[in-house]
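Worksheet: one structure, shown below.
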Amino acid sequence: MLAQTSLRARQLPFKKTLFVSRALTANLYATQTRGYASSGEYDVVVVGGGPGGYVAAIKASQLGLKTACVEGRGALGGTCLNVGCIPSKSLLHNTHLYHQAAHDFKKRGIEVGEVKYNLGQMLSQKEKSVKTLTGGIEMLFKKNKTEYAKGWGRVVGPNEVSVEGADGKKSTLKTKNIIIATGSESSPFPGIEVDEEVIITSTGALSLKKVPEKMLVIGGGVIGLELGSVWGRLGAEVTTVEYLDAIGAGMDADLAKTFQKTLAKQGMKFRLGTKVVSAKKNSNGKVDVVVEPAKGGPQESMEVDVVLLSIGRRPFTKGLGLEDVGVEVDKRGRVVVDHEFKTNVGGIRAIGDVIAGPMLAHKAEEEGIAAVEYIAGGHGHVNYNAIPSVIYTYPEVAWVGKTEAEVKSSGVEYRIGSFPFVANSRAKTMDDYEGTIKIISDAQTDRILGAHIIGPNAGEMIAEAVLAIEYGASSEDIARTCHAHPTLSEAFKEACMATYDKPIHF
């Protein structure tokens with residue numbers, strides 16, 4: 001015992017010293033870099049103030065780099081905070097509360113009068129949350145001494161960014177490093193004209209002035225299913241048209257089937273394997289839509305109040321000047337970068353939706369920090385196999401790592417364990433037990449390869465799976481880790497038990 005204690009005592013100071021050494025190295029390098037910059041020159045200029053851009057800018061400032069972030073929207077946070085992740089989650093949460101009060105309270109012994117929604121107040125509350133969070137980023141900029149350059153940025157050289165303000169005035173920022181973080185925009189549908197009133201993108205879907213009687217969602221991905229759920233809960237008849245034979249692009253096939261059945265029970269209709277031929281606003285102020293089977297067949301016409309176009313997103317590089325400075329982009333318009341996020345032009349890097357990979361805010365944030373760490377002379381780290389995806393419907397769906405189809409196609413022998421929430425005590429006490437957890441592990445090493453959850457709080461529970469994959473944990477590692485009782489997380493533990501052995505409660 002004494003020997004073990006002595007060994008531990010000798011190890012601890014070394015670990016602490018190593019940690020401090022890395023931090024000092026980064027700070028020393030940053031200080032040296034600052035020394036090379038003139039008073040009017042920046043070490044880093046980030047073009048784009050979304051999740052990837054503003055996080056990169058703050059991190060650069062924290063490492064001692066003189067930093068400016070260029071954003072022309074008028075508010076920081078990009079699409080995510082202004083017209084994406086944040087406002088949609090506000091509407092998803094509040095419409096779920098309304099739906100619960102209207103359809104679920106009585107069986108729980110909660111007696112209320114007639115439940116009504118106030119759409120105006122609901123939208124106002126959404127805007128309040130957006131304003132609070134975007135304002136919070138400005139405060140973080142001030143705290144970290146990050147300069148906020150308001151205006152649209154254009155890269156005019158490897159070390160120069162032109163900024164045009166709302167008043168038309170232009171200024172130039174000289175910098176040693178440029179990080180492109182301009183994000184993405186909704187992909188257009190050839191032949192369909194968006195007016196954000198009756199033919200809308202996700203932006204228009206966040207601000208409809210009234211609940212449509214009939215809504216057609218083009219695309220069965222994350223955005224369409226989330227926003228379709230919002231308006232469906234408020235009374236709209238929602239039909240989702242998807243070209244493929246399954247919803248939830250990228251989702252494990254088993255979860256996709258369960259997810260579709262669950263949404264169908266909630267009233268959402270599906271037309272899978274179906275192609276939208278056209279959608280045009282008619283004289284009645286509604287939309288005439290023509291569809292046909294994806295594999296060919298007779299066409300069908302229908303009239304709806306609103307069409308939500310959600311077929312994906314594309315990189316936003318308009319007016320950025322990439323072609324003028326010779327930055328390479330691929331066939332899909334994505335900026336080509338290496339493992340350090342460097343483009344083919346020295347001094348210019350790119351992160352987030354504007355490069356390859358999943359278009360997720362948290363992926364962009366990780367890349368932003370990594371890119372800055374590379375600039376500061378350190379080592380950036382992004383494990384793309386440990387980037388979670390979440391759909392914030394009811395129930396939530398979340399996954400990380402590989403799907404069963406991906407593991408199978410790789411030729412790796414694997415095991416699968418699952419556990420339903422109906423066998424979880426906390427879920428039963430909440431009367432919220434629809435869904436299951438599926439774990440995939442390597443048959444030889446038991447290392448977790450993928451985790452897939454549909455059920456209550458899936459978006460929060462997936463963090464345990466992300467951590468497991470990041471550190472190479474086995475299903476037995478998780479199964480032998482104590483989880484508090486009664487919690488939903490016990491279902492994750494039991495799914496891991498089912499993967500390497502047998503669960504207790506199912």
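Convention: chains lettered A, B, ... in structure tokens order; per-chain residue numbering from 1; ligands numbered from 1 as shown.
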
Next on the checklist: Need the shell around Ser124 of chain A: protein/DNA/RNA residues with any atom at most 12 Å away, counting only C-alpha atoms. Skip same-chain ones fewer than 5 positions apart. Format as a list in words?
Outcome noted: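 Contacts, with the query itself left out: Pro87, Ser90, Leu91, Asn94, Asn118, Leu119, Ser129, Val130, Lys131, Leu206, Ser207 and Lys209 of chain A.
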
Item to check | Who sits within 10 Å of Gly49 of chain A, only C-alpha atoms, same chain under 6 positions skipped, as a list of chain:residue names | outcome: A:Val55, A:Ala56, A:Ala57, A:Cys69, A:Val70, A:Glu71, A:Gly72, A:Arg73, A:Gly74, A:Ala75, A:Leu76, A:Gly77, A:Gly78, A:Thr79, A:Ile137, A:Tyr148, A:Ala149, A:Lys150, A:Ile180, A:Ala181, A:Thr182, A:Gly183

Keeping only C-alpha atoms, write those residues as a tab-separated table (two decimals), in the first residue's frame.
chain	number	residue	atom	x	y	z
A	55	VAL	CA	-15.52	30.23	-31.03
A	56	ALA	CA	-12.33	30.34	-33.11
A	57	ALA	CA	-12.04	34.10	-32.53
A	69	CYS	CA	-14.09	38.55	-36.23
A	70	VAL	CA	-15.93	39.86	-39.30
A	71	GLU	CA	-19.71	39.40	-39.42
A	72	GLY	CA	-22.23	41.25	-41.62
A	73	ARG	CA	-25.52	39.77	-40.37
A	74	GLY	CA	-25.91	42.44	-37.69
A	75	ALA	CA	-25.79	39.87	-34.91
A	76	LEU	CA	-23.24	37.24	-33.98
A	77	GLY	CA	-24.07	33.55	-33.84
A	78	GLY	CA	-24.59	32.83	-37.53
A	79	THR	CA	-27.46	30.76	-38.87
A	137	ILE	CA	-21.47	36.50	-27.59
A	148	TYR	CA	-15.93	42.66	-33.66
A	149	ALA	CA	-15.74	44.03	-37.22
A	150	LYS	CA	-19.32	44.65	-38.33
A	180	ILE	CA	-12.95	31.30	-43.37
A	181	ALA	CA	-16.03	30.38	-41.32
A	182	THR	CA	-18.91	31.64	-43.45
A	183	GLY	CA	-21.18	28.65	-42.88

Next on the checklist: Quick check, in Å to one decimal: how far apart do atom CA of Gly401 of chain A and atom CA of Ile448 of chain A lie?
Outcome noted: 8.5 Å

Checklist entry - Residues of segment 235-355 of chain A in strand (DSSP E) according to DSSP, as JSON, numbers by chain? => result {"A": [237, 238, 239, 240, 241, 242, 269, 270, 271, 272, 274, 275, 276, 277, 278, 279, 280, 281, 287, 288, 289, 290, 291, 292, 293, 300, 301, 302, 303, 304, 306, 307, 308, 309, 313, 314, 315, 348, 349, 350]}

Residue selection dump (C-alpha atoms) as a compact mmCIF listing (two decimals), in the first residue's frame:
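Below you can see again01.txt, which holds the result:
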# COMPACT_ATOMS: atom_id res chain seq x y z
CA GLU A 237 -51.70 18.51 -41.30
CA VAL A 238 -48.07 17.74 -42.18
CA THR A 239 -46.96 15.51 -45.03
CA THR A 240 -43.27 14.78 -45.55
CA VAL A 241 -42.13 13.90 -49.06
CA GLU A 242 -38.78 12.10 -49.23
CA LYS A 269 -47.85 11.60 -42.96
CA PHE A 270 -45.08 10.27 -45.18
CA ARG A 271 -44.61 9.84 -48.91
CA LEU A 272 -41.32 7.97 -49.23
CA THR A 274 -41.41 10.15 -53.94
CA LYS A 275 -40.12 12.99 -56.12
CA VAL A 276 -41.44 16.55 -56.13
CA VAL A 277 -41.84 17.68 -59.74
CA SER A 278 -43.02 21.25 -59.10
CA ALA A 279 -44.44 23.62 -56.52
CA LYS A 280 -45.99 26.93 -57.55
CA LYS A 281 -48.04 29.57 -55.77
CA VAL A 287 -49.35 26.16 -53.44
CA ASP A 288 -49.99 23.66 -56.20
CA VAL A 289 -47.63 20.70 -55.85
CA VAL A 290 -46.98 17.89 -58.33
CA VAL A 291 -45.28 14.68 -57.18
CA GLU A 292 -44.44 11.34 -58.75
CA PRO A 293 -42.77 8.08 -57.68
CA GLU A 300 -50.25 13.36 -58.61
CA SER A 301 -51.35 16.92 -57.87
CA MET A 302 -52.24 18.44 -54.51
CA GLU A 303 -52.89 21.86 -53.02
CA VAL A 304 -51.34 22.90 -49.71
CA VAL A 306 -47.33 26.02 -47.14
CA VAL A 307 -44.39 24.15 -48.68
CA LEU A 308 -41.27 23.82 -46.52
CA LEU A 309 -38.16 23.27 -48.62
CA ARG A 313 -27.69 23.03 -47.15
CA ARG A 314 -24.75 24.21 -49.23
CA PRO A 315 -21.59 26.17 -48.37
CA ILE A 348 -5.82 30.99 -45.29
CA ARG A 349 -7.68 28.24 -43.41
CA ALA A 350 -11.34 27.20 -43.41

Checklist entry - Between A:Tyr392, A:Val217, A:Ala68, A:Ala60, which one has atoms that come closest to Gly377 of chain A, using only C-alpha atoms? => result A:Ala60

Checklist entry - Between A:Glu406, A:Ser389, A:Lys210, A:Ser184, which has the minimum distance to Val335 of chain A (counting only C-alpha atoms)? => result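 For Val335 of chain A, the nearest of the given residues is A:Ser184.
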
Item to check | Best match for closeness to Gly319 of chain A among A:Arg154, A:Lys286, A:Arg334, A:Lys169, counting only C-alpha atoms | outcome: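 Closest residue, counting only C-alpha atoms: A:Arg154.
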
Next on the checklist: Give me the residues near Asp432 of chain A as an MDAnalysis selection string, where near means some atom within 12 Å (using only C-alpha atoms) and where sequence neighbours in that chain fewer than 3 positions away do not count.
Outcome noted: chainID A and resid 100 104 108 394:396 420:429 435:436 454:457 488

Writer output for current selection, C-alpha atoms, as a PDB file, in the first residue's frame:
ATOM      1  CA  GLN A 100     -48.571  17.903 -23.442  1.00  0.00           C
ATOM      2  CA  ASP A 104     -51.374  14.495 -21.738  1.00  0.00           C
ATOM      3  CA  ARG A 108     -51.455  12.579 -15.190  1.00  0.00           C
ATOM      4  CA  TYR A 394     -40.454  14.023 -29.490  1.00  0.00           C
ATOM      5  CA  PRO A 395     -39.034  11.592 -28.753  1.00  0.00           C
ATOM      6  CA  GLU A 396     -35.527  12.797 -29.467  1.00  0.00           C
ATOM      7  CA  PRO A 420     -35.944  -0.499 -24.438  1.00  0.00           C
ATOM      8  CA  PHE A 421     -36.983   2.471 -22.306  1.00  0.00           C
ATOM      9  CA  VAL A 422     -40.151   0.576 -21.383  1.00  0.00           C
ATOM     10  CA  ALA A 423     -37.942  -1.515 -19.068  1.00  0.00           C
ATOM     11  CA  ASN A 424     -36.360   1.568 -17.456  1.00  0.00           C
ATOM     12  CA  SER A 425     -37.823   2.586 -14.087  1.00  0.00           C
ATOM     13  CA  ARG A 426     -37.350   6.348 -14.509  1.00  0.00           C
ATOM     14  CA  ALA A 427     -38.984   6.304 -17.933  1.00  0.00           C
ATOM     15  CA  LYS A 428     -41.936   4.385 -16.520  1.00  0.00           C
ATOM     16  CA  THR A 429     -42.397   6.830 -13.643  1.00  0.00           C
ATOM     17  CA  GLY A 435     -37.887   4.222 -27.697  1.00  0.00           C
ATOM     18  CA  THR A 436     -34.762   2.140 -27.326  1.00  0.00           C
ATOM     19  CA  ILE A 454     -34.438   7.131 -29.665  1.00  0.00           C
ATOM     20  CA  GLY A 455     -36.275   8.130 -26.534  1.00  0.00           C
ATOM     21  CA  PRO A 456     -36.577  10.737 -23.783  1.00  0.00           C
ATOM     22  CA  ASN A 457     -33.537  13.014 -23.376  1.00  0.00           C
ATOM     23  CA  LEU A 488     -32.721   7.276 -17.839  1.00  0.00           C
TER      24      LEU A 488
END

Checklist entry - For Glu470 of chain A, which residue among A:Phe259, A:Tyr384, A:Phe492, A:Trp399 is the nearest when counting only C-alpha atoms? => result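 Ranking A:Phe259, A:Tyr384, A:Phe492, A:Trp399 by distance to Glu470 of chain A, first place goes to A:Tyr384.
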
Item to check | Using only C-alpha atoms: which of A:Lys257, A:Lys59, A:Lys174, A:Arg447 has the shortest distance to Glu367 of chain A | outcome: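 Checking each of A:Lys257, A:Lys59, A:Lys174, A:Arg447 against Glu367 of chain A, counting only C-alpha atoms, the winner is A:Lys59.
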
Checklist entry - Distance atom CA of Tyr243 of chain A-atom CA of Gly296 of chain A, one decimal place? => result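 Computing it gives 11.6 Å between the two atoms.
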
Next on the checklist: Please determine, counting only C-alpha atoms, which residue among A:Glu323, A:Glu138, A:Asp477, A:Asp353 has the shortest atom-to-atom distance to Val155 of chain A.
Outcome noted: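 Answer, going by the shortest atom-to-atom distance: A:Glu323.
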
Next on the checklist: Based on the backbone DSSP call, show me all residues of segment 252-497 of chain A assigned alpha helix (DSSP H), as a ChimeraX atom specification.
Outcome noted: /A:253-265,322-325,361-375,404-410,425-430,458-470,475-479,489-497

Next on the checklist: One decimal, in Å: what's the spacing between atom CA of Gly321 of chain A and atom CA of Gly52 of chain A?
Outcome noted: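 Computing the Euclidean distance for atom CA of Gly321 of chain A and atom CA of Gly52 of chain A yields 19.8 Å.
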